[in-house]
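Undergrad: You'll find final-v7.txt just under this line, and it carries compact mmCIF, C-alpha atoms and all ligand atoms.
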```
# COMPACT_ATOMS: atom_id res chain seq x y z
CA MET A 1 -0.69 27.17 11.36
CA ASN A 2 -3.93 28.98 10.89
CA VAL A 3 -6.71 26.51 11.70
CA ILE A 4 -10.22 27.50 10.68
CA VAL A 5 -13.00 25.27 11.99
CA VAL A 6 -16.29 25.49 10.12
CA ALA A 7 -19.65 23.80 10.64
CA ASN A 8 -19.77 21.30 7.82
CA TYR A 9 -18.62 20.19 4.37
CA ASP A 10 -20.49 22.93 2.52
CA GLU A 11 -18.94 25.64 4.63
CA MET A 12 -15.48 24.09 4.20
CA SER A 13 -15.99 24.10 0.42
CA GLU A 14 -17.22 27.70 0.47
CA ARG A 15 -14.30 28.94 2.57
CA ALA A 16 -11.79 27.01 0.49
CA ALA A 17 -13.12 28.44 -2.78
CA ALA A 18 -13.07 31.96 -1.34
CA PHE A 19 -9.49 31.41 -0.14
CA VAL A 20 -8.34 30.23 -3.57
CA ALA A 21 -10.15 33.07 -5.37
CA ALA A 22 -8.58 35.63 -3.04
CA GLU A 23 -5.12 34.19 -3.70
CA ILE A 24 -5.70 34.47 -7.44
CA GLY A 25 -6.97 38.01 -6.90
CA HIS A 26 -3.64 38.93 -5.27
CA ARG A 27 -1.63 37.04 -7.84
CA PRO A 28 -3.40 36.40 -11.18
CA ASP A 29 -0.58 34.17 -12.48
CA LEU A 30 -0.63 31.91 -9.40
CA ARG A 31 0.81 28.42 -9.80
CA ILE A 32 -1.50 26.04 -7.90
CA GLY A 33 -1.15 22.41 -6.82
CA LEU A 34 -4.50 20.59 -7.05
CA PRO A 35 -5.82 17.56 -5.15
CA THR A 36 -8.53 15.12 -6.18
CA GLY A 37 -10.87 13.03 -4.01
CA ASN A 38 -14.14 13.68 -2.22
CA THR A 39 -12.86 16.53 -0.09
CA PRO A 40 -12.17 19.18 -2.75
CA SER A 41 -15.07 18.46 -5.13
CA GLY A 42 -17.35 21.04 -3.43
CA MET A 43 -14.56 23.60 -3.66
CA TYR A 44 -14.17 22.99 -7.41
CA GLU A 45 -17.93 23.27 -7.88
CA ARG A 46 -17.93 26.65 -6.16
CA LEU A 47 -14.90 27.90 -8.08
CA VAL A 48 -16.70 27.02 -11.31
CA GLY A 49 -19.77 28.95 -10.08
CA MET A 50 -17.63 31.97 -9.20
CA HIS A 51 -16.07 31.86 -12.63
CA ARG A 52 -19.48 31.71 -14.34
CA ARG A 53 -20.56 34.78 -12.38
CA GLY A 54 -17.43 36.59 -13.52
CA GLU A 55 -15.97 36.71 -10.00
CA VAL A 56 -12.69 34.97 -10.77
CA ASP A 57 -10.47 34.77 -13.83
CA PHE A 58 -8.27 31.70 -14.24
CA SER A 59 -6.67 32.70 -17.53
CA GLN A 60 -3.21 33.31 -16.11
CA ILE A 61 -2.96 30.59 -13.47
CA SER A 62 -1.09 27.31 -13.97
CA THR A 63 -2.31 24.10 -12.38
CA PHE A 64 -0.32 21.08 -11.23
CA ASN A 65 -2.17 17.95 -10.11
CA LEU A 66 -0.73 16.34 -7.02
CA ASP A 67 -0.79 12.76 -8.14
CA GLU A 68 -2.06 10.04 -10.46
CA TYR A 69 -2.68 6.31 -10.35
CA TRP A 70 0.12 4.41 -12.01
CA GLY A 71 -0.88 2.48 -15.13
CA ILE A 72 -4.07 4.47 -15.70
CA GLU A 73 -4.71 6.33 -18.95
CA PHE A 74 -6.09 9.88 -18.99
CA ALA A 75 -9.39 8.54 -20.37
CA HIS A 76 -9.90 6.02 -17.54
CA PRO A 77 -12.90 7.04 -15.43
CA ALA A 78 -10.78 6.87 -12.26
CA ALA A 79 -7.88 8.95 -13.60
CA PHE A 80 -7.10 11.96 -11.43
CA ALA A 81 -6.24 14.01 -14.52
CA ARG A 82 -9.75 13.30 -15.77
CA TYR A 83 -11.27 14.23 -12.39
CA ILE A 84 -9.60 17.66 -12.50
CA GLY A 85 -10.53 17.98 -16.16
CA ASP A 86 -14.20 17.07 -15.69
CA ARG A 87 -14.84 18.94 -12.44
CA PHE A 88 -12.75 22.03 -12.96
CA LEU A 89 -10.74 22.64 -16.12
CA ALA A 90 -13.60 21.91 -18.55
CA HIS A 91 -15.67 24.71 -16.98
CA VAL A 92 -13.15 27.49 -16.45
CA ASN A 93 -10.66 29.41 -18.57
CA VAL A 94 -7.32 27.86 -17.68
CA PRO A 95 -5.51 27.61 -21.05
CA GLU A 96 -4.74 23.98 -21.91
CA GLU A 97 -0.98 24.51 -21.93
CA GLN A 98 -1.13 25.86 -18.37
CA ALA A 99 -2.65 22.67 -16.91
CA HIS A 100 -0.22 19.96 -15.83
CA TRP A 101 -0.36 16.51 -14.29
CA PRO A 102 2.04 13.64 -13.67
CA ASP A 103 1.64 11.05 -16.39
CA GLY A 104 0.42 7.68 -15.11
CA ILE A 105 1.61 5.75 -18.15
CA GLY A 106 5.11 5.17 -19.54
CA GLN A 107 8.47 5.33 -17.79
CA ALA A 108 7.93 6.32 -14.17
CA GLU A 109 11.37 7.79 -13.61
CA GLN A 110 11.21 9.89 -16.75
CA ASN A 111 7.67 11.06 -15.99
CA ALA A 112 8.63 12.02 -12.46
CA ALA A 113 11.76 13.87 -13.57
CA ALA A 114 9.79 15.71 -16.27
CA TYR A 115 7.19 16.73 -13.69
CA GLU A 116 9.83 18.03 -11.30
CA VAL A 117 11.24 20.17 -14.13
CA LEU A 118 7.77 21.58 -14.87
CA LEU A 119 7.18 22.26 -11.19
CA SER A 120 10.45 24.05 -10.63
CA LYS A 121 10.57 25.96 -13.93
CA GLY A 122 8.37 28.85 -12.82
CA GLY A 123 9.62 28.91 -9.21
CA PRO A 124 7.84 27.36 -6.24
CA LEU A 125 4.10 26.79 -6.35
CA GLY A 126 2.31 29.81 -4.91
CA LEU A 127 -0.45 27.67 -3.43
CA LEU A 128 -0.63 23.95 -2.79
CA ILE A 129 -4.06 22.58 -1.88
CA LEU A 130 -4.12 19.26 -0.02
CA GLY A 131 -6.58 16.74 1.30
CA ILE A 132 -5.52 14.15 3.90
CA GLY A 133 -5.92 10.38 3.97
CA VAL A 134 -7.30 8.58 7.02
CA ASN A 135 -3.75 7.31 7.54
CA GLY A 136 -2.32 10.84 7.33
CA HIS A 137 -1.11 10.59 3.74
CA ILE A 138 -0.75 13.67 1.54
CA GLY A 139 -0.79 13.18 -2.19
CA PHE A 140 0.08 9.49 -2.46
CA ASN A 141 2.85 9.84 0.13
CA GLU A 142 1.97 7.06 2.54
CA PRO A 143 3.17 6.63 6.13
CA GLY A 144 6.93 6.03 6.21
CA THR A 145 7.69 8.32 3.25
CA ASN A 146 10.89 10.28 3.65
CA PHE A 147 10.14 13.95 4.27
CA ALA A 148 12.75 14.84 1.63
CA SER A 149 11.10 12.75 -1.11
CA ARG A 150 10.71 14.15 -4.62
CA THR A 151 8.11 13.32 -7.26
CA GLY A 152 8.15 9.61 -8.02
CA LEU A 153 6.48 6.23 -8.20
CA VAL A 154 5.25 5.03 -4.82
CA PRO A 155 3.38 1.98 -3.49
CA LEU A 156 -0.16 2.62 -2.24
CA ALA A 157 -1.13 1.52 1.27
CA GLU A 158 -3.75 -1.25 1.42
CA ARG A 159 -6.12 1.15 3.22
CA THR A 160 -5.72 3.71 0.44
CA ARG A 161 -6.55 1.06 -2.18
CA GLN A 162 -9.62 -0.07 -0.22
CA ASP A 163 -10.89 3.51 0.17
CA ALA A 164 -10.36 4.09 -3.55
CA PHE A 165 -12.95 1.51 -4.56
CA HIS A 166 -16.59 2.57 -4.23
CA PRO A 167 -19.60 2.60 -6.57
CA ARG A 168 -18.64 5.89 -8.25
CA SER A 169 -14.89 5.32 -8.21
CA GLY A 170 -14.54 4.40 -11.87
CA PHE A 171 -12.98 1.03 -10.92
CA ASP A 172 -14.86 -2.18 -11.69
CA SER A 173 -13.51 -4.01 -8.67
CA ALA A 174 -11.20 -3.50 -5.69
CA GLU A 175 -8.52 -5.51 -7.53
CA ASP A 176 -8.54 -2.95 -10.34
CA VAL A 177 -7.24 -0.21 -8.07
CA PRO A 178 -3.56 0.20 -9.00
CA THR A 179 -0.93 -0.84 -6.49
CA HIS A 180 1.17 2.26 -7.20
CA GLY A 181 0.82 5.93 -7.85
CA ILE A 182 2.99 8.76 -9.08
CA THR A 183 2.96 11.70 -6.69
CA MET A 184 4.60 14.99 -5.90
CA GLY A 185 7.10 14.21 -3.17
CA ILE A 186 6.89 15.62 0.33
CA GLY A 187 10.08 17.63 -0.22
CA THR A 188 8.56 18.94 -3.45
CA MET A 189 5.33 19.93 -1.69
CA MET A 190 7.12 21.68 1.16
CA GLU A 191 8.73 24.10 -1.30
CA SER A 192 5.30 25.64 -2.01
CA ARG A 193 4.95 29.17 -0.67
CA ARG A 194 1.53 28.62 0.88
CA ILE A 195 -0.39 25.44 1.71
CA LEU A 196 -4.12 24.98 2.20
CA LEU A 197 -5.16 21.72 3.87
CA LEU A 198 -8.80 20.66 3.76
CA ALA A 199 -10.55 17.96 5.77
CA SER A 200 -14.14 17.01 6.41
CA GLY A 201 -15.92 14.28 8.35
CA GLN A 202 -15.38 12.11 11.36
CA SER A 203 -13.23 9.62 9.46
CA LYS A 204 -10.50 12.30 9.25
CA ALA A 205 -10.57 13.33 12.92
CA GLN A 206 -7.75 11.03 14.01
CA ALA A 207 -5.53 11.99 11.07
CA ILE A 208 -6.14 15.71 11.66
CA LYS A 209 -5.30 15.36 15.33
CA LYS A 210 -2.06 13.52 14.60
CA ALA A 211 -1.10 15.87 11.76
CA LEU A 212 -1.74 19.13 13.57
CA ALA A 213 -1.17 18.32 17.21
CA GLY A 214 0.93 15.15 17.26
CA SER A 215 4.67 14.74 16.90
CA VAL A 216 6.25 15.46 13.55
CA THR A 217 7.02 12.00 12.23
CA GLU A 218 7.31 10.24 8.88
CA ASP A 219 4.69 7.80 10.22
CA VAL A 220 2.18 10.63 9.72
CA PRO A 221 3.13 12.33 6.45
CA ALA A 222 0.84 15.34 7.00
CA SER A 223 2.61 16.13 10.30
CA VAL A 224 5.43 17.61 8.18
CA LEU A 225 3.12 20.58 7.61
CA GLN A 226 3.91 21.72 11.16
CA ARG A 227 7.34 22.64 9.77
CA HIS A 228 5.95 24.83 6.98
CA PRO A 229 5.75 28.58 7.67
CA ASP A 230 2.46 29.27 5.90
CA VAL A 231 -0.26 26.65 6.29
CA THR A 232 -3.99 27.30 6.52
CA VAL A 233 -6.23 24.41 7.53
CA ILE A 234 -9.96 24.55 6.82
CA VAL A 235 -11.59 21.71 8.66
CA ASP A 236 -15.17 20.99 9.61
CA GLU A 237 -16.32 20.28 13.16
CA ALA A 238 -16.44 16.53 12.63
CA ALA A 239 -12.84 16.38 11.40
CA ALA A 240 -11.72 18.81 14.12
CA ALA A 241 -13.50 16.86 16.87
CA LEU A 242 -10.36 15.39 18.45
CA LEU A 243 -8.18 18.48 18.18
CA ASP A 244 -8.64 19.70 21.72
CA ALA A 245 -9.21 16.29 23.27
CA ASP A 246 -6.34 14.60 25.13
C1 LIG B 1 -5.70 13.01 -4.03
C2 LIG B 1 -4.78 13.02 -2.90
C3 LIG B 1 -5.09 12.30 -1.64
C4 LIG B 1 -6.43 12.72 -1.04
C5 LIG B 1 -6.74 11.96 0.22
C6 LIG B 1 -8.11 12.27 0.75
O1 LIG B 1 -5.21 13.76 -5.11
O2 LIG B 1 -3.75 13.59 -3.04
O3 LIG B 1 -4.07 12.53 -0.71
O4 LIG B 1 -6.40 14.09 -0.77
O5 LIG B 1 -6.66 10.57 -0.02
O6 LIG B 1 -9.06 11.80 -0.15
P1 LIG B 1 -10.60 12.14 0.04
O7 LIG B 1 -10.72 13.63 -0.15
O8 LIG B 1 -11.31 11.39 -1.05
O9 LIG B 1 -10.99 11.73 1.40
```
Would you put the structure from the file into C-alpha cells?

TA:
Amino acid sequence: MNVIVVANYDEMSERAAAFVAAEIGHRPDLRIGLPTGNTPSGMYERLVGMHRRGEVDFSQISTFNLDEYWGIEFAHPAAFARYIGDRFLAHVNVPEEQAHWPDGIGQAEQNAAAYEVLLSKGGPLGLLILGIGVNGHIGFNEPGTNFASRTGLVPLAERTRQDAFHPRSGFDSAEDVPTHGITMGIGTMMESRRILLLASGQSKAQAIKKALAGSVTEDVPASVLQRHPDVTVIVDEAAAALLDAD
C-alpha cells in the first residue's frame, strides 16, 4: 500500500484530483468506480475545475457509482446517483451512456445482476475510488460482509443510518434514511486494477488504523484492501493520527 499523508482536507482533495487526472491521462478510456459522501466532494470540485481549464478530458471514461440507497428514486435529494450527477457529471463531458449506477428502485436481484454485467462487460475497473465509514465500511458493505460478496442488496448499520441524516442530507428525518442499500460487493471491488482510498478527519482515525494496520478481518471491511496489490491511500493528518500509535 502506498500511504500518502497530507495536511488537511483541501490537500487530500487536491492530491486525489491530480491522481485521478493522471490516471485518465495514461488511459483516456478509464473505467472508474465513484464514491459519494463528504470525503470526495472536494475532489469532484477540483476535477470540474481542471476540466473547465481544459486540463482533463472525460469524454472517453466510463463511470460506475459504488452504491445507492434502496427505495430512493434518482430525483430524491439524497440519491447517490443525483449526488454524482449534480457535483460531477453535470459539469464535465462524460457522455450520458458512459455513466452508470446501481438502480435503487425495482427488483433488487435483477438490478444487482444487471450492474454486475455492466461492470464486467468492459473488463475490470481501471480505478476504484473509495471513502471509508467510521465502522470501516466500504461502499455499503458493513462489518461482517463476506469478502467474496458481489453487488447486491444489503442492510445498513445503525451507525451508517445515523451518520446519513444531517441538515443537508436530503432526508427530512432520521427515520427516512433507508434501512438498505444496493452496493458493489467486496469481491466485485477487489477485481479493480487500482484502488484509491480517501479519508479525512479525526472521526476516521480509528477506521484507518484498523483498515491499514490491523488484522484482515470481515469485521473491518476496508481491511480487505491489504490483500489488493495496488492501493493508494490519501489521508489527512487527522485521519492518519493513530497509524503509528500502538
Ligand atoms: C458512499 C460510500 C460510503 C462512504 C463512507 C464515508 O458512496 O460508498 O462507503 O464512502 O460512508 O462517507 P463520508 O465521506 O461521508 O464520510

Undergrad: What does the distance from CA of Ala157 (chain A) to CA of Met190 (chain A) come to in Å, to one decimal?

TA: 21.8 Å

Undergrad: Using only C-alpha atoms for the distances, tell me which of A:Ile24, A:Val48, A:Ala78, A:Leu127 is nearest to Pro167 (chain A).

TA: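 Of A:Ile24, A:Val48, A:Ala78, A:Leu127, the one nearest Pro167 (chain A) is A:Ala78, counting only C-alpha atoms.
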
Undergrad: Residues around (6.0, 19.8, -14.3), cut-off 8 Å, counting all atoms listed in the file - what are they as a list of chain:residue names?

TA: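 Output: A:Phe64, A:His100, A:Trp101, A:Pro102, A:Ala114, A:Tyr115, A:Glu116, A:Val117, A:Leu118, A:Leu119, A:Ser120, A:Lys121.
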
Undergrad: Around ligand LIG 1 (chain B), at most 6 Å away and counting only C-alpha atoms and all ligand atoms, which residues are there? Put them as a PDB file with C-alpha atoms, in the coordinates of the input, please.

TA:
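The result, written out as selection-v6.pdb:
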```pdb
ATOM      1  CA  PRO A  35      -5.820  17.560  -5.150  1.00  0.00           C
ATOM      2  CA  THR A  36      -8.530  15.120  -6.180  1.00  0.00           C
ATOM      3  CA  GLY A  37     -10.870  13.030  -4.010  1.00  0.00           C
ATOM      4  CA  ASN A  38     -14.140  13.680  -2.220  1.00  0.00           C
ATOM      5  CA  THR A  39     -12.860  16.530  -0.090  1.00  0.00           C
ATOM      6  CA  LEU A  66      -0.730  16.340  -7.020  1.00  0.00           C
ATOM      7  CA  ASP A  67      -0.790  12.760  -8.140  1.00  0.00           C
ATOM      8  CA  LEU A 130      -4.120  19.260  -0.020  1.00  0.00           C
ATOM      9  CA  GLY A 131      -6.580  16.740   1.300  1.00  0.00           C
ATOM     10  CA  ILE A 132      -5.520  14.150   3.900  1.00  0.00           C
ATOM     11  CA  GLY A 133      -5.920  10.380   3.970  1.00  0.00           C
ATOM     12  CA  HIS A 137      -1.110  10.590   3.740  1.00  0.00           C
ATOM     13  CA  ILE A 138      -0.750  13.670   1.540  1.00  0.00           C
ATOM     14  CA  GLY A 139      -0.790  13.180  -2.190  1.00  0.00           C
ATOM     15  CA  PHE A 140       0.080   9.490  -2.460  1.00  0.00           C
TER      16      PHE A 140
END
```

Undergrad: Quick one, how far is CA of Gly25 (chain A) from CA of Arg194 (chain A)?

TA: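 Result for CA of Gly25 (chain A) versus CA of Arg194 (chain A): 14.9 Å, one decimal.
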
Undergrad: Could you name the residues that touch region 103-113 of chain A at 6 Å or less, counting all atoms listed in the file, but leaving out those on the same chain fewer than 4 positions away, as a list in words?

TA: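 Here the answer would be Glu68, Tyr69, Trp70, Gly71, Ile72, Thr151 and Gly152 of chain A.
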
Undergrad: Those residues you just picked out, can you put them in a file as an mmCIF file, in the frame of the given file with C-alpha atoms?

TA:
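New file selection19.cif:
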```cif
data_model
loop_
_atom_site.group_PDB
_atom_site.id
_atom_site.type_symbol
_atom_site.label_atom_id
_atom_site.label_comp_id
_atom_site.auth_asym_id
_atom_site.auth_seq_id
_atom_site.Cartn_x
_atom_site.Cartn_y
_atom_site.Cartn_z
ATOM 1 C CA GLU A 68 -2.060 10.040 -10.460
ATOM 2 C CA TYR A 69 -2.680 6.310 -10.350
ATOM 3 C CA TRP A 70 0.120 4.410 -12.010
ATOM 4 C CA GLY A 71 -0.880 2.480 -15.130
ATOM 5 C CA ILE A 72 -4.070 4.470 -15.700
ATOM 6 C CA THR A 151 8.110 13.320 -7.260
ATOM 7 C CA GLY A 152 8.150 9.610 -8.020
#
```

Undergrad: When distances are computed from all atoms listed in the file, which of A:Ala174, A:Ala213, A:Ala239, A:Leu156 shows the smallest separation from Met1 (chain A)?

TA: A:Ala213

Undergrad: Do you have the CA of Ala79 (chain A)-CA of Asn65 (chain A) distance handy?

TA: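 Rounded to one decimal, the two atoms are 11.2 Å apart.
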
Undergrad: May I have the protein, DNA and RNA residues with an atom at most 12 Å from (-8.9, 18.7, 22.1), counting all atoms listed in the file in the file's coordinates, returned as a ChimeraX atom specification?

TA: /A:205-206,208-210,212-214,237,239-246

Undergrad: Save the residues we just selected, C-alpha atoms, as an mmCIF file, keeping the file's coordinate frame?

TA:
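Written file, part_6.cif:
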```cif
data_model
loop_
_atom_site.group_PDB
_atom_site.id
_atom_site.type_symbol
_atom_site.label_atom_id
_atom_site.label_comp_id
_atom_site.auth_asym_id
_atom_site.auth_seq_id
_atom_site.Cartn_x
_atom_site.Cartn_y
_atom_site.Cartn_z
ATOM 1 C CA ALA A 205 -10.570 13.330 12.920
ATOM 2 C CA GLN A 206 -7.750 11.030 14.010
ATOM 3 C CA ILE A 208 -6.140 15.710 11.660
ATOM 4 C CA LYS A 209 -5.300 15.360 15.330
ATOM 5 C CA LYS A 210 -2.060 13.520 14.600
ATOM 6 C CA LEU A 212 -1.740 19.130 13.570
ATOM 7 C CA ALA A 213 -1.170 18.320 17.210
ATOM 8 C CA GLY A 214 0.930 15.150 17.260
ATOM 9 C CA GLU A 237 -16.320 20.280 13.160
ATOM 10 C CA ALA A 239 -12.840 16.380 11.400
ATOM 11 C CA ALA A 240 -11.720 18.810 14.120
ATOM 12 C CA ALA A 241 -13.500 16.860 16.870
ATOM 13 C CA LEU A 242 -10.360 15.390 18.450
ATOM 14 C CA LEU A 243 -8.180 18.480 18.180
ATOM 15 C CA ASP A 244 -8.640 19.700 21.720
ATOM 16 C CA ALA A 245 -9.210 16.290 23.270
ATOM 17 C CA ASP A 246 -6.340 14.600 25.130
#
```

Undergrad: Tell me which protein, DNA and RNA residues are within 12 Å of Gly49 (chain A), counting all atoms listed in the file, leaving out same-chain ones fewer than 5 positions away, and put them as a list in words.

TA: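 The contact residues come out as Glu14, Ala17, Ala18, Ala21, Gly42, Met43, Tyr44, Gly54, Glu55, Val56, Asp57, Arg87, Phe88, His91 and Val92 of chain A.
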
Undergrad: Go through A:Ala81, A:Leu198, A:Val224, A:Val154 one by one, measure the shortest atom-to-atom distance of each to Thr179 (chain A) using all atoms listed in the file, and give the residue with the smallest value.

TA: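 When distances to Thr179 (chain A) are compared using all atoms listed in the file, the smallest one comes from A:Val154.
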
Undergrad: Compare A:Asp219, A:Asp236, A:Glu11, A:Asp230 by their minimum atom-to-atom distance to Gly201 (chain A), counting all atoms listed in the file, and give me the closest one.

TA: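 Ranked by minimum distance to Gly201 (chain A), first place goes to A:Asp236.
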
Undergrad: Have a look at A:Val134, A:Leu47, A:Ile182, A:Met12 and name the one nearest to Phe80 (chain A); count all atoms listed in the file.

TA: A:Ile182

Undergrad: From the set A:Ser59, A:Ser41, A:Gln98, A:Asn135, which residue has the shortest atom-to-atom contact distance to Glu158 (chain A), counting all atoms listed in the file?

TA: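 Of the candidates, the smallest distance to Glu158 (chain A) is held by A:Asn135.
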
Undergrad: Using all atoms of region 61-71 of chain A listed in the file and a margin of 5 Å per side, can you give the axis-aligned box centre and edge lengths in Å to one decimal, as JSON?

TA:
```
{"center_x": -1.4, "center_y": 16.5, "center_z": -11.1, "size_x": 13.1, "size_y": 38.1, "size_z": 18.1}
```

Undergrad: Write out N, CA, C and O atoms for region 93-114 of chain A, as a short mmCIF file (atom, residue, chain, number, x, y, z; two decimals), in the frame of the given file.

TA:
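Below is the file that was written, out00.cif:
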```cif
data_model
loop_
_atom_site.label_atom_id
_atom_site.label_comp_id
_atom_site.auth_asym_id
_atom_site.auth_seq_id
_atom_site.Cartn_x
_atom_site.Cartn_y
_atom_site.Cartn_z
N ASN A 93 -11.48 28.94 -17.45
CA ASN A 93 -10.66 29.41 -18.57
C ASN A 93 -9.15 29.27 -18.33
O ASN A 93 -8.39 30.18 -18.65
N VAL A 94 -8.76 28.13 -17.76
CA VAL A 94 -7.32 27.86 -17.68
C VAL A 94 -6.88 27.37 -19.07
O VAL A 94 -7.39 26.35 -19.54
N PRO A 95 -5.96 28.08 -19.73
CA PRO A 95 -5.51 27.61 -21.05
C PRO A 95 -4.89 26.21 -20.93
O PRO A 95 -4.20 25.91 -19.94
N GLU A 96 -5.18 25.38 -21.93
CA GLU A 96 -4.74 23.98 -21.91
C GLU A 96 -3.27 23.81 -21.55
O GLU A 96 -2.90 22.95 -20.76
N GLU A 97 -2.44 24.67 -22.14
CA GLU A 97 -0.98 24.51 -21.93
C GLU A 97 -0.56 24.92 -20.52
O GLU A 97 0.59 24.71 -20.14
N GLN A 98 -1.47 25.48 -19.75
CA GLN A 98 -1.13 25.86 -18.37
C GLN A 98 -1.63 24.85 -17.34
O GLN A 98 -1.55 25.07 -16.14
N ALA A 99 -2.18 23.73 -17.82
CA ALA A 99 -2.65 22.67 -16.91
C ALA A 99 -1.69 21.48 -17.00
O ALA A 99 -1.38 21.01 -18.09
N HIS A 100 -1.24 21.02 -15.85
CA HIS A 100 -0.22 19.96 -15.83
C HIS A 100 -0.61 18.84 -14.88
O HIS A 100 -1.29 19.08 -13.88
N TRP A 101 -0.13 17.65 -15.18
CA TRP A 101 -0.36 16.51 -14.29
C TRP A 101 0.76 15.50 -14.51
O TRP A 101 1.35 15.45 -15.60
N PRO A 102 1.05 14.69 -13.47
CA PRO A 102 2.04 13.64 -13.67
C PRO A 102 1.43 12.53 -14.50
O PRO A 102 0.29 12.11 -14.23
N ASP A 103 2.14 12.07 -15.49
CA ASP A 103 1.64 11.05 -16.39
C ASP A 103 1.66 9.68 -15.72
O ASP A 103 2.69 9.26 -15.19
N GLY A 104 0.52 8.98 -15.76
CA GLY A 104 0.42 7.68 -15.11
C GLY A 104 0.79 6.50 -15.99
O GLY A 104 0.62 5.35 -15.59
N ILE A 105 1.28 6.80 -17.18
CA ILE A 105 1.61 5.75 -18.15
C ILE A 105 3.02 6.03 -18.67
O ILE A 105 3.37 7.19 -18.86
N GLY A 106 3.78 4.98 -18.91
CA GLY A 106 5.11 5.17 -19.54
C GLY A 106 6.23 4.79 -18.61
O GLY A 106 6.13 3.80 -17.89
N GLN A 107 7.28 5.59 -18.62
CA GLN A 107 8.47 5.33 -17.79
C GLN A 107 8.36 6.19 -16.54
O GLN A 107 8.46 7.43 -16.62
N ALA A 108 8.18 5.55 -15.39
CA ALA A 108 7.93 6.32 -14.17
C ALA A 108 9.03 7.33 -13.86
O ALA A 108 8.75 8.48 -13.54
N GLU A 109 10.28 6.89 -13.98
CA GLU A 109 11.37 7.79 -13.61
C GLU A 109 11.41 9.02 -14.50
O GLU A 109 11.62 10.14 -14.04
N GLN A 110 11.21 8.77 -15.79
CA GLN A 110 11.21 9.89 -16.75
C GLN A 110 10.03 10.83 -16.49
O GLN A 110 10.17 12.04 -16.50
N ASN A 111 8.85 10.24 -16.25
CA ASN A 111 7.67 11.06 -15.99
C ASN A 111 7.87 11.94 -14.75
O ASN A 111 7.52 13.11 -14.73
N ALA A 112 8.44 11.30 -13.72
CA ALA A 112 8.63 12.02 -12.46
C ALA A 112 9.65 13.15 -12.65
O ALA A 112 9.44 14.28 -12.18
N ALA A 113 10.73 12.85 -13.36
CA ALA A 113 11.76 13.87 -13.57
C ALA A 113 11.19 15.02 -14.40
O ALA A 113 11.42 16.19 -14.11
N ALA A 114 10.39 14.67 -15.41
CA ALA A 114 9.79 15.71 -16.27
C ALA A 114 8.84 16.58 -15.44
O ALA A 114 8.79 17.81 -15.62
#
```
